[in-house]
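Notes follow the structure.
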Amino acid sequence: MAATDGQQFPPPKVLTYPASAPPLLVTQGAEGRLYKTTHLAPNRPCALKYRPPKPYRHPILDARLTKARISSEAKVLERCWREGVPVPAVYAMDPAAGWMMMEWIEGIPARVGINKLLGDRREEEEEEDAEAPLPETCETLLADLMRRIGAAIGALHKTGVVHGDLTTSNMMLRPRRRGYGNGSGADGDGDDAEVLKGDVVLIDFGLATQSMSDEDRAVDLYVLERAFASTHPRAERLFATVLEAYKETFKKASSVLVKLEDVRMRGRKRSMLG
Amino acid sequence: MAVTDVARKKRRIALGCEGSANKLGIGVILHEGDPANPKSTVLSNVRHTFVSPPGTGFLPKDTAHHHRAFFVRVARQALADAGVGLDEIDCVCYTRGPGMGAPLTSVAVAARTLALLWGKPLVGVNHCVGHIEMGRAITGADHPVVLYVSGGNTQVIAYAEQRYRIFGETLDIAVGNCLDRFARALAISNDPAPGYNIEQLAKQGGRVLLDLPYAVKGMDCSFSGILTRAEELAAQMKAGGGKGPDGEPFTGADLCFSLQETVFAMLVEITERAMAHVGSNQVLIVGGVGCNERLQEMMGLMAADRGGSVYATDERFCIDNGIMIAHAGLLAYETGFSTPVEDSTCTQRFRTDEVLVKWRK
Ligand SMILES: Nc1ncnc2c1ncn2[C@@H]1O[C@H](COP(=O)(O)OP(=O)(O)O)[C@@H](O)[C@H]1O
Ligand SMILES: [Mg+2]
């Protein structure tokens, strides 16, 4: 949802202390708000994730879930970061108060990047042939991104963590320092293309758990596969590339992929009753 | 979209037959004006429910028998209530699936008979799409995220590019099934519905919240672990040994309350996540569990927090009914869709996203 002005919602207490720059409400996401603020030094940007109380939830259940989720999110992030999985570093937290501070990741969510590329193409396509396949550059770019996504998930699963909410909204594309400044802008697709070349950084570990089970890992992939089908129907078939790269990065992938087939089957079976 | 002959008519009327679970429903709907956005009027909506004794569930064979036994009575009533002549009816719609095989088949056979008898085209309808279209028509929600919650299904759905796409769903049993089976553990009456009686009993609870597992994975969720734990607690209570977090014995009402608070919080959470994902602030609840007022209230609080609102219908439209089948079937028929008699089968498996939603942009 669009971020609205920060005054509309009461911020957590930690953000009410004097600071050189006021905190900026970036998004009101699924269950938390994300503020951009600074940590220790005014030139060190950080993301503050705040899970406000949910009015619809029983207060006891609400407190239990909020606390457990903030601490588990921080614990999992720290573990990933130590093991070299691309995630934001944790700076500080207060689980009972419902917040955690982490490294600020520049860039945009993968969902936005992908849709921008596909969306732009759609407009061009109307003038030309609607049935035309994706232009080769576009296809290569997307396939390459899928490979990096697959590799990131492979690295994640290797450390014994499952994400629990894998969607293209929960992956940031962080611009690479070097790749910038290709100059002229003569190529109309240049910017969108450049964005897709960013590093994949996994975020939003609010539902992550530590698990080594094939089943949990397969469900992780299944959640992403379905999110993909619903969010990027035009790029659905590219999902196979994600799995390919996953397999290359993660030694134990083959048994997970067998399990994935089971999970998909169950998905189909679930449609049995109305 | 090519304009079909029926779409050119000022008044279009369909009869719909539903029997995918323990409700037999027959209804007659009228569409007027632009088929892309018709004015819909419910001419009749008759239902007869097969109620099994407390502690038991409804079995396919008995349910199918019930539907066969009551079909003629319910159909006559629906026609009489509607007050339309047979010549005014444009098509006969029936539930093709998903649902329980035997009950589905018995109603399909009956619908086929009517179509042949009256010389009307037949239209096979996806049950879930029926719920969604009826919900949209009644509430006026135009582009909502849909929470579809019933005895057989639990799905979070949003429309995109001519399909109702499933964003999240249960990874094991449906929420309604969880409630129904829990009702059996406490031998709560199935009349009018186990879920309704749990809701009433829960109103007497609230002193304590019993700890039940909370299982959400992304936009999916699971209920079997919760059911197992709730059944264990019910058994403890019956044996006289159950104590709540305050050290006092808990009651059946406390259990109902805790179960509702937990499973509904999960449903609201996955719905909210889907709303954030697609950038919508409307939510429509359909399916039998959708008439639970506590669920509607919780959903309303969430939606208000996001600057939006919740749309829900009452038991006439939430609980399985024939009118929704008539409505969704007529929408499809107006685009030129019909089901030849030789293809008029039913299927237990029929995913919501398999249907091409030709009547929407
Ligand atoms: N560390 C970060 N750096 C920069 N932006 C972030 C960071 N974490 C999250 N965001 C932004 O905030 C949005 C919501 O955050 P997320 O952690 O996914 O919470 P939610 O549970 O609300 O989805 C993300 O989609 C992303 O755009
Ligand atoms: Mg997120």
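Ligands are numbered from 1 in the order shown, residues from 1 within each chain, and chains are lettered A, B, ... in the order they appear in the structure tokens.
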If you run DSSP on this backbone, which residues of segment 6-167 of chain A come out as helix (DSSP H, G or I), and could you give them as a ChimeraX atom specification? /A:6-8,13-16,59-82,95-97,110-127,136-158
Sel. of strand (DSSP E) residues, segment 5-218 of chain B, as a PyMOL selection string: chain B and resi 11-18+23-32+39-49+91-97+122-126+145-149+154-160+163-169+216-217
Would you list the contacts of Ile325 of chain B as a ChimeraX atom specification, taking every protein, DNA or RNA residue within 6 Å and counting only C-alpha atoms, but skipping same-chain residues closer than 4 positions in sequence? /B:16,130,329
Print the selection's residues with N, CA and C atoms to a file, as a PDB file, in the first residue's frame.
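For reference, part-v5.pdb as written:
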ATOM      1  N   GLY B  16     -30.714 -22.138 -11.380  1.00  0.00           N
ATOM      2  CA  GLY B  16     -29.452 -22.748 -10.954  1.00  0.00           C
ATOM      3  C   GLY B  16     -29.680 -23.830  -9.915  1.00  0.00           C
ATOM      4  N   GLY B 130     -19.118 -19.297  -8.492  1.00  0.00           N
ATOM      5  CA  GLY B 130     -20.490 -18.946  -8.121  1.00  0.00           C
ATOM      6  C   GLY B 130     -20.521 -18.100  -6.857  1.00  0.00           C
ATOM      7  N   GLY B 329     -23.682 -18.859 -13.814  1.00  0.00           N
ATOM      8  CA  GLY B 329     -23.965 -19.576 -15.054  1.00  0.00           C
ATOM      9  C   GLY B 329     -24.511 -18.635 -16.118  1.00  0.00           C
TER      10      GLY B 329
END
Would you kindly return, as a list in words, each protein, DNA or RNA residue with an atom no farther than 7 Å from any atom of segment 338-341 of chain B, considering only C-alpha atoms and excluding same-chain residues fewer than 3 positions away? Arg112, Pro121, Leu122, Val123, Gly124, Tyr333 and Ser344 of chain B
Give as an mmCIF file with N, CA and C atoms, in the first residue's frame the residues surrounding ligand 1 up to a distance of 8 Å, considering only C-alpha atoms and all ligand atoms.
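Below you can see out-v5.cif, which holds the result:
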data_model
loop_
_atom_site.group_PDB
_atom_site.id
_atom_site.type_symbol
_atom_site.label_atom_id
_atom_site.label_comp_id
_atom_site.auth_asym_id
_atom_site.auth_seq_id
_atom_site.Cartn_x
_atom_site.Cartn_y
_atom_site.Cartn_z
ATOM 1 N N VAL A 26 8.034 4.309 5.150
ATOM 2 C CA VAL A 26 8.244 3.872 3.766
ATOM 3 C C VAL A 26 7.049 3.070 3.253
ATOM 4 N N THR A 27 6.652 2.044 4.006
ATOM 5 C CA THR A 27 5.495 1.263 3.574
ATOM 6 C C THR A 27 4.692 0.815 4.778
ATOM 7 N N GLN A 28 3.402 0.624 4.533
ATOM 8 C CA GLN A 28 2.602 -0.114 5.472
ATOM 9 C C GLN A 28 2.384 -1.456 4.790
ATOM 10 N N GLY A 29 3.216 -2.397 5.130
ATOM 11 C CA GLY A 29 3.192 -3.685 4.443
ATOM 12 C C GLY A 29 2.119 -4.582 4.999
ATOM 13 N N ALA A 30 2.308 -5.877 4.767
ATOM 14 C CA ALA A 30 1.288 -6.833 5.147
ATOM 15 C C ALA A 30 0.960 -6.743 6.626
ATOM 16 N N GLU A 31 1.967 -6.700 7.452
ATOM 17 C CA GLU A 31 1.654 -6.746 8.863
ATOM 18 C C GLU A 31 2.525 -5.826 9.660
ATOM 19 N N GLY A 32 3.394 -5.104 8.965
ATOM 20 C CA GLY A 32 4.268 -4.216 9.701
ATOM 21 C C GLY A 32 4.465 -2.932 8.939
ATOM 22 N N ARG A 33 4.998 -1.954 9.649
ATOM 23 C CA ARG A 33 5.349 -0.720 8.958
ATOM 24 C C ARG A 33 6.843 -0.651 8.881
ATOM 25 N N LEU A 34 7.314 -0.080 7.796
ATOM 26 C CA LEU A 34 8.733 0.041 7.630
ATOM 27 C C LEU A 34 9.104 1.517 7.576
ATOM 28 N N LYS A 36 12.232 4.435 7.391
ATOM 29 C CA LYS A 36 13.640 4.679 7.110
ATOM 30 C C LYS A 36 14.125 5.697 8.130
ATOM 31 N N CYS A 46 19.061 3.256 8.136
ATOM 32 C CA CYS A 46 18.625 1.918 8.528
ATOM 33 C C CYS A 46 17.131 1.781 8.321
ATOM 34 N N ALA A 47 16.682 0.538 8.258
ATOM 35 C CA ALA A 47 15.254 0.248 8.135
ATOM 36 C C ALA A 47 14.771 -0.176 9.514
ATOM 37 N N LEU A 48 13.688 0.435 9.987
ATOM 38 C CA LEU A 48 13.115 0.014 11.253
ATOM 39 C C LEU A 48 11.793 -0.670 10.963
ATOM 40 N N LYS A 49 11.721 -1.925 11.340
ATOM 41 C CA LYS A 49 10.492 -2.665 11.108
ATOM 42 C C LYS A 49 9.691 -2.671 12.391
ATOM 43 N N VAL A 87 21.249 -10.868 2.883
ATOM 44 C CA VAL A 87 20.129 -10.332 3.692
ATOM 45 C C VAL A 87 20.619 -9.061 4.377
ATOM 46 N N PRO A 88 19.707 -8.213 4.854
ATOM 47 C CA PRO A 88 20.153 -7.041 5.612
ATOM 48 C C PRO A 88 20.731 -7.454 6.979
ATOM 49 N N MET A 102 17.462 -2.662 11.050
ATOM 50 C CA MET A 102 18.399 -3.402 10.188
ATOM 51 C C MET A 102 18.968 -2.499 9.115
ATOM 52 N N GLU A 103 19.946 -3.046 8.431
ATOM 53 C CA GLU A 103 20.616 -2.347 7.334
ATOM 54 C C GLU A 103 19.605 -1.884 6.283
ATOM 55 N N TRP A 104 19.802 -0.689 5.773
ATOM 56 C CA TRP A 104 18.940 -0.188 4.703
ATOM 57 C C TRP A 104 19.427 -0.728 3.357
ATOM 58 N N ILE A 105 18.542 -1.358 2.612
ATOM 59 C CA ILE A 105 18.908 -1.904 1.297
ATOM 60 C C ILE A 105 18.408 -0.947 0.220
ATOM 61 N N GLU A 106 19.326 -0.437 -0.577
ATOM 62 C CA GLU A 106 18.927 0.454 -1.677
ATOM 63 C C GLU A 106 18.241 -0.379 -2.764
ATOM 64 N N GLY A 107 17.492 0.272 -3.625
ATOM 65 C CA GLY A 107 16.901 -0.437 -4.769
ATOM 66 C C GLY A 107 15.393 -0.610 -4.634
ATOM 67 N N ILE A 108 14.835 -1.511 -5.424
ATOM 68 C CA ILE A 108 13.388 -1.723 -5.451
ATOM 69 C C ILE A 108 13.080 -3.217 -5.334
ATOM 70 N N PRO A 109 11.851 -3.553 -4.903
ATOM 71 C CA PRO A 109 11.488 -4.975 -4.856
ATOM 72 C C PRO A 109 11.505 -5.602 -6.258
ATOM 73 N N SER A 169 7.880 -9.685 -3.833
ATOM 74 C CA SER A 169 7.872 -8.453 -3.038
ATOM 75 C C SER A 169 8.924 -8.522 -1.946
ATOM 76 N N ASN A 170 9.292 -9.726 -1.588
ATOM 77 C CA ASN A 170 10.230 -9.887 -0.481
ATOM 78 C C ASN A 170 11.661 -10.146 -0.946
ATOM 79 N N MET A 171 11.957 -9.651 -2.140
ATOM 80 C CA MET A 171 13.339 -9.680 -2.648
ATOM 81 C C MET A 171 13.632 -8.300 -3.178
ATOM 82 N N MET A 172 14.711 -7.710 -2.698
ATOM 83 C CA MET A 172 15.095 -6.403 -3.213
ATOM 84 C C MET A 172 16.142 -6.591 -4.311
ATOM 85 N N ILE A 203 14.522 -10.211 1.899
ATOM 86 C CA ILE A 203 14.075 -9.464 3.087
ATOM 87 C C ILE A 203 12.817 -10.120 3.653
ATOM 88 N N ASP A 204 12.299 -9.519 4.710
ATOM 89 C CA ASP A 204 11.044 -9.927 5.329
ATOM 90 C C ASP A 204 11.076 -11.379 5.818
ATOM 91 N N PHE A 205 11.817 -11.598 6.890
ATOM 92 C CA PHE A 205 11.944 -12.936 7.456
ATOM 93 C C PHE A 205 10.971 -13.156 8.610
ATOM 94 N N GLY A 206 9.869 -12.405 8.568
ATOM 95 C CA GLY A 206 8.890 -12.468 9.652
ATOM 96 C C GLY A 206 8.270 -13.846 9.838
ATOM 97 N N ARG B 273 -2.298 -10.002 3.955
ATOM 98 C CA ARG B 273 -1.072 -10.124 3.177
ATOM 99 C C ARG B 273 -1.371 -10.073 1.680
ATOM 100 N N ALA B 276 -2.126 -6.467 0.694
ATOM 101 C CA ALA B 276 -0.900 -5.684 0.568
ATOM 102 C C ALA B 276 -0.207 -6.045 -0.742
#
Smallest atom-to-atom distance to ligand 2: which of B:Leu201, B:Val156, B:Met219, B:Val6, using only C-alpha atoms and all ligand atoms?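 Closest to ligand 2, using only C-alpha atoms and all ligand atoms: B:Met219.
Selected on chain B by distance to chain A: Pro98, Gly99, Gly152, Asn153, Arg165, Lys217, Gly218, Ala265, Glu272, Arg273, Ala276, Gly279, Met298, Leu301, Gln348, Arg349, Phe350 and Arg351 of chain B (within 6 Å, counting only C-alpha atoms).
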Write out the residues from the selection above, keeping N, CA, C and O atoms, as a PDB file, in the first residue's frame.
ATOM      1  N   PRO B  98     -16.111 -27.806  -7.651  1.00  0.00           N
ATOM      2  CA  PRO B  98     -15.689 -29.010  -6.925  1.00  0.00           C
ATOM      3  C   PRO B  98     -16.692 -29.376  -5.835  1.00  0.00           C
ATOM      4  O   PRO B  98     -17.559 -28.571  -5.509  1.00  0.00           O
ATOM      5  N   GLY B  99     -16.563 -30.580  -5.316  1.00  0.00           N
ATOM      6  CA  GLY B  99     -17.464 -31.000  -4.262  1.00  0.00           C
ATOM      7  C   GLY B  99     -17.418 -32.502  -4.082  1.00  0.00           C
ATOM      8  O   GLY B  99     -16.509 -33.172  -4.567  1.00  0.00           O
ATOM      9  N   GLY B 152     -15.339 -27.105   2.633  1.00  0.00           N
ATOM     10  CA  GLY B 152     -14.422 -27.852   1.783  1.00  0.00           C
ATOM     11  C   GLY B 152     -13.240 -27.051   1.300  1.00  0.00           C
ATOM     12  O   GLY B 152     -12.301 -27.608   0.741  1.00  0.00           O
ATOM     13  N   ASN B 153     -13.277 -25.737   1.464  1.00  0.00           N
ATOM     14  CA  ASN B 153     -12.239 -24.929   0.868  1.00  0.00           C
ATOM     15  C   ASN B 153     -11.872 -23.702   1.679  1.00  0.00           C
ATOM     16  O   ASN B 153     -12.712 -23.154   2.387  1.00  0.00           O
ATOM     17  N   ARG B 165      -7.452 -15.740  -9.480  1.00  0.00           N
ATOM     18  CA  ARG B 165      -6.180 -16.383  -9.139  1.00  0.00           C
ATOM     19  C   ARG B 165      -6.087 -16.640  -7.643  1.00  0.00           C
ATOM     20  O   ARG B 165      -6.472 -15.812  -6.838  1.00  0.00           O
ATOM     21  N   LYS B 217       1.772 -19.811   6.693  1.00  0.00           N
ATOM     22  CA  LYS B 217       2.991 -19.830   5.879  1.00  0.00           C
ATOM     23  C   LYS B 217       2.751 -18.937   4.687  1.00  0.00           C
ATOM     24  O   LYS B 217       2.062 -19.339   3.755  1.00  0.00           O
ATOM     25  N   GLY B 218       3.279 -17.751   4.723  1.00  0.00           N
ATOM     26  CA  GLY B 218       3.055 -16.833   3.616  1.00  0.00           C
ATOM     27  C   GLY B 218       1.579 -16.517   3.510  1.00  0.00           C
ATOM     28  O   GLY B 218       0.963 -16.064   4.454  1.00  0.00           O
ATOM     29  N   ALA B 265      -7.981 -15.236  13.227  1.00  0.00           N
ATOM     30  CA  ALA B 265      -6.800 -14.357  13.141  1.00  0.00           C
ATOM     31  C   ALA B 265      -5.910 -14.803  11.983  1.00  0.00           C
ATOM     32  O   ALA B 265      -5.382 -13.971  11.236  1.00  0.00           O
ATOM     33  N   GLU B 272      -4.952 -10.112   4.683  1.00  0.00           N
ATOM     34  CA  GLU B 272      -4.264  -8.821   4.702  1.00  0.00           C
ATOM     35  C   GLU B 272      -2.992  -8.882   3.861  1.00  0.00           C
ATOM     36  O   GLU B 272      -2.659  -7.951   3.132  1.00  0.00           O
ATOM     37  N   ARG B 273      -2.298 -10.002   3.955  1.00  0.00           N
ATOM     38  CA  ARG B 273      -1.072 -10.124   3.177  1.00  0.00           C
ATOM     39  C   ARG B 273      -1.371 -10.073   1.680  1.00  0.00           C
ATOM     40  O   ARG B 273      -0.651  -9.429   0.916  1.00  0.00           O
ATOM     41  N   ALA B 276      -2.126  -6.467   0.694  1.00  0.00           N
ATOM     42  CA  ALA B 276      -0.900  -5.684   0.568  1.00  0.00           C
ATOM     43  C   ALA B 276      -0.207  -6.045  -0.742  1.00  0.00           C
ATOM     44  O   ALA B 276       0.318  -5.180  -1.440  1.00  0.00           O
ATOM     45  N   GLY B 279      -2.319  -4.655  -3.634  1.00  0.00           N
ATOM     46  CA  GLY B 279      -2.624  -3.239  -3.500  1.00  0.00           C
ATOM     47  C   GLY B 279      -4.109  -2.944  -3.541  1.00  0.00           C
ATOM     48  O   GLY B 279      -4.547  -1.990  -4.171  1.00  0.00           O
ATOM     49  N   MET B 298     -13.705  -9.054  12.724  1.00  0.00           N
ATOM     50  CA  MET B 298     -12.234  -9.005  12.704  1.00  0.00           C
ATOM     51  C   MET B 298     -11.736  -8.508  11.357  1.00  0.00           C
ATOM     52  O   MET B 298     -10.820  -7.690  11.273  1.00  0.00           O
ATOM     53  N   LEU B 301     -12.135  -4.786  11.106  1.00  0.00           N
ATOM     54  CA  LEU B 301     -11.121  -4.023  11.843  1.00  0.00           C
ATOM     55  C   LEU B 301      -9.827  -3.953  11.043  1.00  0.00           C
ATOM     56  O   LEU B 301      -9.173  -2.911  10.980  1.00  0.00           O
ATOM     57  N   GLN B 348     -14.975 -33.728  -8.985  1.00  0.00           N
ATOM     58  CA  GLN B 348     -14.689 -33.403  -7.593  1.00  0.00           C
ATOM     59  C   GLN B 348     -13.606 -32.348  -7.502  1.00  0.00           C
ATOM     60  O   GLN B 348     -13.555 -31.578  -6.569  1.00  0.00           O
ATOM     61  N   ARG B 349     -12.700 -32.356  -8.484  1.00  0.00           N
ATOM     62  CA  ARG B 349     -11.602 -31.395  -8.499  1.00  0.00           C
ATOM     63  C   ARG B 349     -11.871 -30.387  -9.598  1.00  0.00           C
ATOM     64  O   ARG B 349     -12.026 -30.753 -10.745  1.00  0.00           O
ATOM     65  N   PHE B 350     -11.901 -29.142  -9.226  1.00  0.00           N
ATOM     66  CA  PHE B 350     -12.160 -28.109 -10.216  1.00  0.00           C
ATOM     67  C   PHE B 350     -11.643 -26.825  -9.591  1.00  0.00           C
ATOM     68  O   PHE B 350     -12.312 -26.212  -8.767  1.00  0.00           O
ATOM     69  N   ARG B 351     -10.426 -26.453  -9.958  1.00  0.00           N
ATOM     70  CA  ARG B 351      -9.834 -25.286  -9.305  1.00  0.00           C
ATOM     71  C   ARG B 351     -10.446 -23.989  -9.810  1.00  0.00           C
ATOM     72  O   ARG B 351     -10.808 -23.861 -10.974  1.00  0.00           O
TER      73      ARG B 351
END
One decimal, in Å: what's the spacing between atom CA of Asp34 of chain B and atom CA of Ala312 of chain B?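 Calculated distance between atom CA of Asp34 of chain B and atom CA of Ala312 of chain B is 24.7 Å.
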